[in-house]
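Next comes final_11.cif, with mmCIF, C-alpha atoms.
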```
data_my_file
loop_
_atom_site.group_PDB
_atom_site.id
_atom_site.type_symbol
_atom_site.label_atom_id
_atom_site.label_comp_id
_atom_site.auth_asym_id
_atom_site.auth_seq_id
_atom_site.Cartn_x
_atom_site.Cartn_y
_atom_site.Cartn_z
ATOM 1 C CA MET S 43 -1.334 201.512 -84.015
ATOM 2 C CA SER S 44 -0.621 203.597 -87.085
ATOM 3 C CA ASP S 45 -3.319 205.741 -88.643
ATOM 4 C CA ILE S 46 -3.231 203.473 -91.679
ATOM 5 C CA ALA S 47 -3.909 200.274 -89.708
ATOM 6 C CA ALA S 48 -6.808 202.006 -87.930
ATOM 7 C CA ASN S 49 -8.619 202.110 -91.284
ATOM 8 C CA ILE S 50 -8.771 198.311 -91.477
ATOM 9 C CA LEU S 51 -12.152 197.641 -89.930
ATOM 10 C CA THR S 52 -14.128 194.660 -88.762
ATOM 11 C CA LEU S 53 -17.467 194.274 -90.471
ATOM 12 C CA ASP S 54 -19.232 195.535 -87.327
ATOM 13 C CA ASP S 55 -17.026 198.643 -87.228
ATOM 14 C CA ALA S 56 -17.597 199.184 -90.946
ATOM 15 C CA LEU S 57 -21.360 199.013 -90.426
ATOM 16 C CA ARG S 58 -21.164 201.711 -87.745
ATOM 17 C CA TRP S 59 -18.933 203.847 -89.995
ATOM 18 C CA ARG S 60 -21.256 203.316 -92.971
ATOM 19 C CA ARG S 61 -24.305 204.388 -90.954
ATOM 20 C CA ALA S 62 -22.477 207.504 -89.750
ATOM 21 C CA MET S 63 -21.535 208.425 -93.329
ATOM 22 C CA ALA S 64 -25.128 207.955 -94.507
ATOM 23 C CA GLU S 65 -26.466 210.059 -91.617
ATOM 24 C CA GLN S 66 -24.089 212.853 -92.626
ATOM 25 C CA GLY S 67 -25.237 212.653 -96.254
ATOM 26 C CA TYR S 68 -22.021 211.197 -97.686
ATOM 27 C CA LYS S 69 -21.990 208.731 -100.570
ATOM 28 C CA VAL S 70 -19.957 205.553 -100.059
ATOM 29 C CA ALA S 71 -18.572 203.448 -102.888
ATOM 30 C CA ILE S 72 -17.495 199.864 -102.345
ATOM 31 C CA THR S 73 -15.288 197.649 -104.439
ATOM 32 C CA ASN S 74 -13.767 194.284 -103.672
ATOM 33 C CA GLY S 75 -10.959 191.998 -104.705
ATOM 34 C CA CYS S 76 -7.882 190.024 -103.781
ATOM 35 C CA PHE S 77 -5.357 192.797 -104.480
ATOM 36 C CA ASP S 78 -2.675 190.135 -104.137
ATOM 37 C CA LEU S 79 0.095 192.044 -105.834
ATOM 38 C CA LEU S 80 -0.618 195.762 -105.791
ATOM 39 C CA HIS S 81 0.281 197.399 -109.122
ATOM 40 C CA ARG S 82 -0.403 200.439 -111.276
ATOM 41 C CA GLY S 83 -3.622 198.985 -112.663
ATOM 42 C CA HIS S 84 -5.000 198.683 -109.141
ATOM 43 C CA ALA S 85 -4.012 202.272 -108.299
ATOM 44 C CA VAL S 86 -5.710 203.665 -111.421
ATOM 45 C CA TYR S 87 -8.795 201.527 -110.777
ATOM 46 C CA LEU S 88 -9.050 202.581 -107.123
ATOM 47 C CA ASP S 89 -8.620 206.272 -108.006
ATOM 48 C CA ALA S 90 -11.469 205.954 -110.511
ATOM 49 C CA ALA S 91 -13.596 204.092 -107.964
ATOM 50 C CA ARG S 92 -13.016 206.845 -105.400
ATOM 51 C CA GLU S 93 -14.245 209.449 -107.904
ATOM 52 C CA GLU S 94 -17.674 207.782 -107.794
ATOM 53 C CA ALA S 95 -18.417 208.786 -104.174
ATOM 54 C CA ASP S 96 -17.246 210.753 -101.159
ATOM 55 C CA PHE S 97 -15.600 207.689 -99.594
ATOM 56 C CA LEU S 98 -14.256 204.355 -100.819
ATOM 57 C CA LEU S 99 -14.431 201.149 -98.804
ATOM 58 C CA VAL S 100 -12.538 198.141 -100.169
ATOM 59 C CA LEU S 101 -13.622 194.615 -99.288
ATOM 60 C CA VAL S 102 -10.455 192.477 -99.349
ATOM 61 C CA ASN S 103 -10.561 188.711 -99.807
ATOM 62 C CA SER S 104 -9.011 186.852 -96.880
ATOM 63 C CA ASP S 105 -6.048 184.548 -97.440
ATOM 64 C CA ALA S 106 -8.344 181.507 -97.364
ATOM 65 C CA SER S 107 -10.726 182.965 -99.947
ATOM 66 C CA VAL S 108 -7.829 183.970 -102.241
ATOM 67 C CA ARG S 109 -6.540 180.364 -102.107
ATOM 68 C CA ALA S 110 -10.042 179.105 -102.933
ATOM 69 C CA LEU S 111 -10.293 181.470 -105.910
ATOM 70 C CA LYS S 112 -6.722 181.471 -107.262
ATOM 71 C CA GLY S 113 -5.104 178.241 -106.068
ATOM 72 C CA PRO S 114 -2.671 177.020 -103.419
ATOM 73 C CA THR S 115 0.234 179.307 -104.370
ATOM 74 C CA ARG S 116 -1.762 182.456 -103.671
ATOM 75 C CA PRO S 117 -1.921 184.900 -102.048
ATOM 76 C CA LEU S 118 1.598 186.228 -102.333
ATOM 77 C CA GLN S 119 1.024 188.627 -99.430
ATOM 78 C CA CYS S 120 -1.040 188.030 -96.305
ATOM 79 C CA GLU S 121 -4.450 189.652 -95.887
ATOM 80 C CA ASP S 122 -3.275 192.119 -93.243
ATOM 81 C CA ASP S 123 -0.454 193.373 -95.480
ATOM 82 C CA ARG S 124 -2.758 193.650 -98.505
ATOM 83 C CA ALA S 125 -5.330 195.637 -96.506
ATOM 84 C CA PHE S 126 -2.600 197.854 -95.011
ATOM 85 C CA LEU S 127 -1.176 198.660 -98.460
ATOM 86 C CA LEU S 128 -4.639 199.454 -99.797
ATOM 87 C CA CYS S 129 -5.384 201.762 -96.859
ATOM 88 C CA SER S 130 -2.092 203.560 -97.486
ATOM 89 C CA LEU S 131 -3.410 204.749 -100.866
ATOM 90 C CA LYS S 132 -5.106 208.147 -100.794
ATOM 91 C CA ALA S 133 -8.045 206.793 -102.806
ATOM 92 C CA VAL S 134 -8.955 204.197 -100.161
ATOM 93 C CA ASP S 135 -10.664 205.315 -96.969
ATOM 94 C CA LYS S 136 -11.399 201.996 -95.255
ATOM 95 C CA CYS S 137 -10.904 198.244 -95.781
ATOM 96 C CA VAL S 138 -12.695 195.172 -94.479
ATOM 97 C CA ILE S 139 -11.253 191.672 -94.855
ATOM 98 C CA PHE S 140 -13.919 189.080 -95.678
ATOM 99 C CA ASP S 141 -13.578 185.321 -95.578
ATOM 100 C CA SER S 142 -15.920 183.923 -98.210
ATOM 101 C CA PRO S 143 -15.236 183.692 -101.952
ATOM 102 C CA ARG S 144 -18.022 186.226 -102.613
ATOM 103 C CA CYS S 145 -18.998 189.336 -100.664
ATOM 104 C CA ASP S 146 -22.794 189.218 -101.028
ATOM 105 C CA ARG S 147 -23.335 189.248 -97.235
ATOM 106 C CA GLU S 148 -21.073 192.272 -96.784
ATOM 107 C CA LEU S 149 -22.709 194.113 -99.688
ATOM 108 C CA GLU S 150 -26.173 193.432 -98.333
ATOM 109 C CA LEU S 151 -25.248 194.706 -94.870
ATOM 110 C CA LEU S 152 -23.190 197.708 -96.005
ATOM 111 C CA ALA S 153 -25.599 198.747 -98.792
ATOM 112 C CA PRO S 154 -23.211 200.892 -100.830
ATOM 113 C CA ASP S 155 -24.455 203.918 -102.702
ATOM 114 C CA VAL S 156 -22.149 202.837 -105.530
ATOM 115 C CA TYR S 157 -20.590 199.450 -106.247
ATOM 116 C CA VAL S 158 -17.530 199.506 -108.488
ATOM 117 C CA LYS S 159 -16.239 196.499 -110.411
ATOM 118 C CA GLY S 160 -13.600 195.941 -113.070
ATOM 119 C CA GLY S 161 -14.417 196.198 -116.742
ATOM 120 C CA ASP S 162 -14.088 192.462 -117.256
ATOM 121 C CA TYR S 163 -17.522 192.183 -115.603
ATOM 122 C CA THR S 164 -20.985 193.163 -116.737
ATOM 123 C CA GLU S 165 -24.126 193.350 -114.651
ATOM 124 C CA ASP S 166 -25.124 189.927 -116.024
ATOM 125 C CA SER S 167 -21.764 188.337 -115.155
ATOM 126 C CA LEU S 168 -21.695 189.580 -111.541
ATOM 127 C CA ASP S 169 -22.094 186.848 -108.956
ATOM 128 C CA PRO S 170 -25.870 186.304 -108.554
ATOM 129 C CA GLY S 171 -25.716 186.729 -104.766
ATOM 130 C CA GLU S 172 -23.753 189.962 -105.063
ATOM 131 C CA ARG S 173 -26.103 191.238 -107.773
ATOM 132 C CA ALA S 174 -29.153 190.445 -105.584
ATOM 133 C CA ALA S 175 -27.604 192.256 -102.589
ATOM 134 C CA LEU S 176 -26.905 195.317 -104.727
ATOM 135 C CA LYS S 177 -30.395 195.308 -106.196
ATOM 136 C CA LYS S 178 -31.904 195.088 -102.699
ATOM 137 C CA SER S 179 -29.961 198.173 -101.583
ATOM 138 C CA GLN S 180 -30.577 199.963 -104.901
ATOM 139 C CA SER S 181 -26.848 200.508 -105.356
ATOM 140 C CA LYS S 182 -25.613 202.128 -108.526
ATOM 141 C CA ILE S 183 -23.214 199.745 -110.306
ATOM 142 C CA VAL S 184 -20.215 201.170 -112.168
ATOM 143 C CA PHE S 185 -17.731 199.229 -114.301
ATOM 144 C CA ILE S 186 -14.218 200.616 -114.728
ATOM 145 C CA SER S 187 -11.871 199.531 -117.516
ATOM 146 C CA PHE S 188 -8.590 197.874 -116.666
ATOM 147 C CA VAL S 189 -5.253 199.453 -117.482
ATOM 148 C CA PRO S 190 -3.955 197.351 -120.398
ATOM 149 C CA GLY S 191 -0.965 195.157 -119.576
ATOM 150 C CA HIS S 192 -1.344 195.417 -115.806
ATOM 151 C CA SER S 193 -2.571 192.368 -113.926
ATOM 152 C CA SER S 194 -1.246 190.443 -110.962
ATOM 153 C CA THR S 195 -1.352 187.191 -112.928
ATOM 154 C CA ASN S 196 0.726 188.666 -115.781
ATOM 155 C CA ILE S 197 3.244 190.158 -113.365
ATOM 156 C CA ILE S 198 3.608 186.810 -111.565
ATOM 157 C CA ARG S 199 4.101 184.985 -114.899
ATOM 158 C CA LYS S 200 6.742 187.505 -115.919
ATOM 159 C CA MET S 201 8.572 187.064 -112.595
ATOM 160 C CA GLN S 202 8.536 183.286 -112.995
ATOM 161 C CA SER S 203 10.008 183.320 -116.516
#
```
What is this file in structure tokens?
Amino acid sequence: MSDIAANILTLDDALRWRRAMAEQGYKVAITNGCFDLLHRGHAVYLDAAREEADFLLVLVNSDASVRALKGPTRPLQCEDDRAFLLCSLKAVDKCVIFDSPRCDRELELLAPDVYVKGGDYTEDSLDPGERAALKKSQSKIVFISFVPGHSSTNIIRKMQS
């Protein structure tokens, strides 16, 4: 197994890792998403997210949850490949693939020090379950602006035309 693949964790492994980081006094940031077609906007976003803490854990939507959120033609890449590519970026320390459309359970269990979300969200527009999990763990919530002109949907549209 490559070093990169070793950073794709089960939720149980991530919980053990998270506890170890907390015991050592490290701050952990968490973000989540489909990351269906990795692009410059994602890289800039993940670098900024990583600046918020000592470590960055990315919760990656499973193939089934991407289909539920984005439709039957998505994802373009399988969950294992998306997680592998994310873990290959220097900004990303660990990934966990989750199977539901929202990651409120994972957020509640992992209790991030910082939760990072894209600038198209506000605290009021976060999923209520996710927001409740973050409030329970007293996580700091940070919103990071998107890089203009960079989105998976726009890239896919451009490729199709």
Taking the file as I've supplied it (selection: the PyMOL selection byres ((chain S and resi 87-98) around 6)), which residues are included? Please answer as a ChimeraX atom specification. /S:68-72,84-86,99,133-135
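If you apply the PyMOL selection byres ((chain S and resi 171) around 10) to this structure, you end up with Arg144, Cys145, Asp146, Arg147, Leu149, Glu150, Leu168, Asp169, Pro170, Glu172, Arg173, Ala174, Ala175, Leu176 and Lys177 of chain S.
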Pick from S:Lys112, S:Ser142, S:Arg61, S:Phe77, whichever lies nearest to S:Phe126 using all atoms listed in the file: S:Phe77
What does the PyMOL selection byres ((chain S and resi 47) around 9) select in this file, as a list in words? Met43, Ser44, Asp45, Ile46, Ala48, Asn49, Ile50, Leu51, Asp122, Ala125, Phe126, Cys129 and Ser130 of chain S
Could you tell me how far atom CA of S:Asn103 lies from atom CA of S:Leu131, in Å and to one decimal? 17.6 Å
Point-to-point distance in Å for atom CA of S:Arg58 and atom CA of S:Thr73: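 Between atom CA of S:Thr73 and atom CA of S:Arg58 the gap is 18.2 Å.
The shell of residues at most 9 Å from S:Arg116, with only C-alpha atoms counted and near chain neighbours (fewer than 5 positions) removed, consists of Asp78, Asp105, Val108, Arg109, Ala110 and Leu111 of chain S.
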Find the residues near S:Phe185: any atom within 10 Å, counting only C-alpha atoms, skip ones fewer than 2 places away on the same chain, and give them as an MDAnalysis selection string. chainID S and resid 87 90:91 157:165 183 187:188
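For the pair atom CA of S:Leu128 and atom CA of S:Leu57, the separation is 19.2 Å.
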Considering all atoms listed in the file, return as a VMD selection string whatever protein or nucleic-acid residues lie within 10 Å of S:Gln180, sequence-local ones (same chain, fewer than 6 positions apart) excluded. chain S and resid 153 to 156 174
Would you compute, for all listed atoms of stretch 73-76 of chain S, the axis-aligned bounding box grown by 4 Å on each side, and then report its centre and edge lengths in Å rounded to one decimal, as lines of an AutoDock Vina configuration file?
```
center_x = -11.6
center_y = 193.8
center_z = -104.2
size_x = 15.4
size_y = 15.6
size_z = 9.0
```
In terms of only C-alpha atoms, the residue from S:Lys136, S:Gln202, S:Lys178, S:Asp166 at minimal distance from S:Trp59 is S:Lys136
Missing atoms in stretch 52-80 of chain S: fill them in up to N, CA and C atoms and send the result as an mmCIF file, in the frame of the given file.
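Once everything was written out, this is out.cif:
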```
data_model
loop_
_atom_site.group_PDB
_atom_site.id
_atom_site.type_symbol
_atom_site.label_atom_id
_atom_site.label_comp_id
_atom_site.auth_asym_id
_atom_site.auth_seq_id
_atom_site.Cartn_x
_atom_site.Cartn_y
_atom_site.Cartn_z
ATOM 1 N N THR S 52 -13.300 195.856 -88.791
ATOM 2 C CA THR S 52 -14.128 194.660 -88.762
ATOM 3 C C THR S 52 -15.423 195.001 -89.484
ATOM 4 N N LEU S 53 -16.191 194.002 -89.824
ATOM 5 C CA LEU S 53 -17.467 194.274 -90.471
ATOM 6 C C LEU S 53 -18.375 195.090 -89.551
ATOM 7 N N ASP S 54 -18.398 194.770 -88.266
ATOM 8 C CA ASP S 54 -19.232 195.535 -87.327
ATOM 9 C C ASP S 54 -18.820 197.005 -87.280
ATOM 10 N N ASP S 55 -17.506 197.253 -87.234
ATOM 11 C CA ASP S 55 -17.026 198.643 -87.228
ATOM 12 C C ASP S 55 -17.375 199.341 -88.544
ATOM 13 N N ALA S 56 -17.258 198.610 -89.637
ATOM 14 C CA ALA S 56 -17.597 199.184 -90.946
ATOM 15 C C ALA S 56 -19.080 199.531 -91.021
ATOM 16 N N LEU S 57 -19.922 198.714 -90.434
ATOM 17 C CA LEU S 57 -21.360 199.013 -90.426
ATOM 18 C C LEU S 57 -21.647 200.291 -89.651
ATOM 19 N N ARG S 58 -20.986 200.469 -88.522
ATOM 20 C CA ARG S 58 -21.164 201.711 -87.745
ATOM 21 C C ARG S 58 -20.662 202.917 -88.547
ATOM 22 N N TRP S 59 -19.502 202.766 -89.178
ATOM 23 C CA TRP S 59 -18.933 203.847 -89.995
ATOM 24 C C TRP S 59 -19.868 204.169 -91.163
ATOM 25 N N ARG S 60 -20.367 203.135 -91.815
ATOM 26 C CA ARG S 60 -21.256 203.316 -92.971
ATOM 27 C C ARG S 60 -22.520 204.069 -92.565
ATOM 28 N N ARG S 61 -23.096 203.685 -91.436
ATOM 29 C CA ARG S 61 -24.305 204.388 -90.954
ATOM 30 C C ARG S 61 -24.004 205.855 -90.669
ATOM 31 N N ALA S 62 -22.860 206.112 -90.051
ATOM 32 C CA ALA S 62 -22.477 207.504 -89.750
ATOM 33 C C ALA S 62 -22.309 208.314 -91.033
ATOM 34 N N MET S 63 -21.714 207.723 -92.056
ATOM 35 C CA MET S 63 -21.535 208.425 -93.329
ATOM 36 C C MET S 63 -22.889 208.718 -93.971
ATOM 37 N N ALA S 64 -23.797 207.755 -93.928
ATOM 38 C CA ALA S 64 -25.128 207.955 -94.507
ATOM 39 C C ALA S 64 -25.883 209.050 -93.754
ATOM 40 N N GLU S 65 -25.786 209.039 -92.428
ATOM 41 C CA GLU S 65 -26.466 210.059 -91.617
ATOM 42 C C GLU S 65 -25.948 211.457 -91.916
ATOM 43 N N GLN S 66 -24.677 211.553 -92.302
ATOM 44 C CA GLN S 66 -24.089 212.853 -92.626
ATOM 45 C C GLN S 66 -24.276 213.223 -94.099
ATOM 46 N N GLY S 67 -24.942 212.359 -94.858
ATOM 47 C CA GLY S 67 -25.237 212.653 -96.254
ATOM 48 C C GLY S 67 -24.116 212.329 -97.234
ATOM 49 N N TYR S 68 -23.127 211.556 -96.800
ATOM 50 C CA TYR S 68 -22.021 211.197 -97.686
ATOM 51 C C TYR S 68 -22.345 209.937 -98.485
ATOM 52 N N LYS S 69 -21.870 209.923 -99.723
ATOM 53 C CA LYS S 69 -21.990 208.731 -100.570
ATOM 54 C C LYS S 69 -20.768 207.842 -100.355
ATOM 55 N N VAL S 70 -21.026 206.534 -100.232
ATOM 56 C CA VAL S 70 -19.957 205.553 -100.059
ATOM 57 C C VAL S 70 -19.956 204.598 -101.236
ATOM 58 N N ALA S 71 -18.782 204.455 -101.841
ATOM 59 C CA ALA S 71 -18.572 203.448 -102.888
ATOM 60 C C ALA S 71 -17.854 202.267 -102.266
ATOM 61 N N ILE S 72 -18.170 201.093 -102.773
ATOM 62 C CA ILE S 72 -17.495 199.864 -102.345
ATOM 63 C C ILE S 72 -17.005 199.135 -103.580
ATOM 64 N N THR S 73 -15.802 198.595 -103.463
ATOM 65 C CA THR S 73 -15.288 197.649 -104.439
ATOM 66 C C THR S 73 -14.690 196.499 -103.659
ATOM 67 N N ASN S 74 -14.338 195.441 -104.352
ATOM 68 C CA ASN S 74 -13.767 194.284 -103.672
ATOM 69 C C ASN S 74 -12.765 193.582 -104.573
ATOM 70 N N GLY S 75 -11.914 192.782 -103.943
ATOM 71 C CA GLY S 75 -10.959 191.998 -104.705
ATOM 72 C C GLY S 75 -9.880 191.412 -103.831
ATOM 73 N N CYS S 76 -8.996 190.666 -104.477
ATOM 74 C CA CYS S 76 -7.882 190.024 -103.781
ATOM 75 C C CYS S 76 -6.738 191.005 -103.549
ATOM 76 N N PHE S 77 -6.447 191.820 -104.544
ATOM 77 C CA PHE S 77 -5.357 192.797 -104.480
ATOM 78 C C PHE S 77 -4.075 192.133 -103.965
ATOM 79 N N ASP S 78 -3.772 190.991 -104.578
ATOM 80 C CA ASP S 78 -2.675 190.135 -104.137
ATOM 81 C C ASP S 78 -1.309 190.755 -104.370
ATOM 82 N N LEU S 79 -1.164 191.397 -105.488
ATOM 83 C CA LEU S 79 0.095 192.044 -105.834
ATOM 84 C C LEU S 79 -0.259 193.440 -106.343
ATOM 85 N N LEU S 80 -0.187 194.406 -105.466
ATOM 86 C CA LEU S 80 -0.618 195.762 -105.791
ATOM 87 C C LEU S 80 0.229 196.340 -106.915
#
```
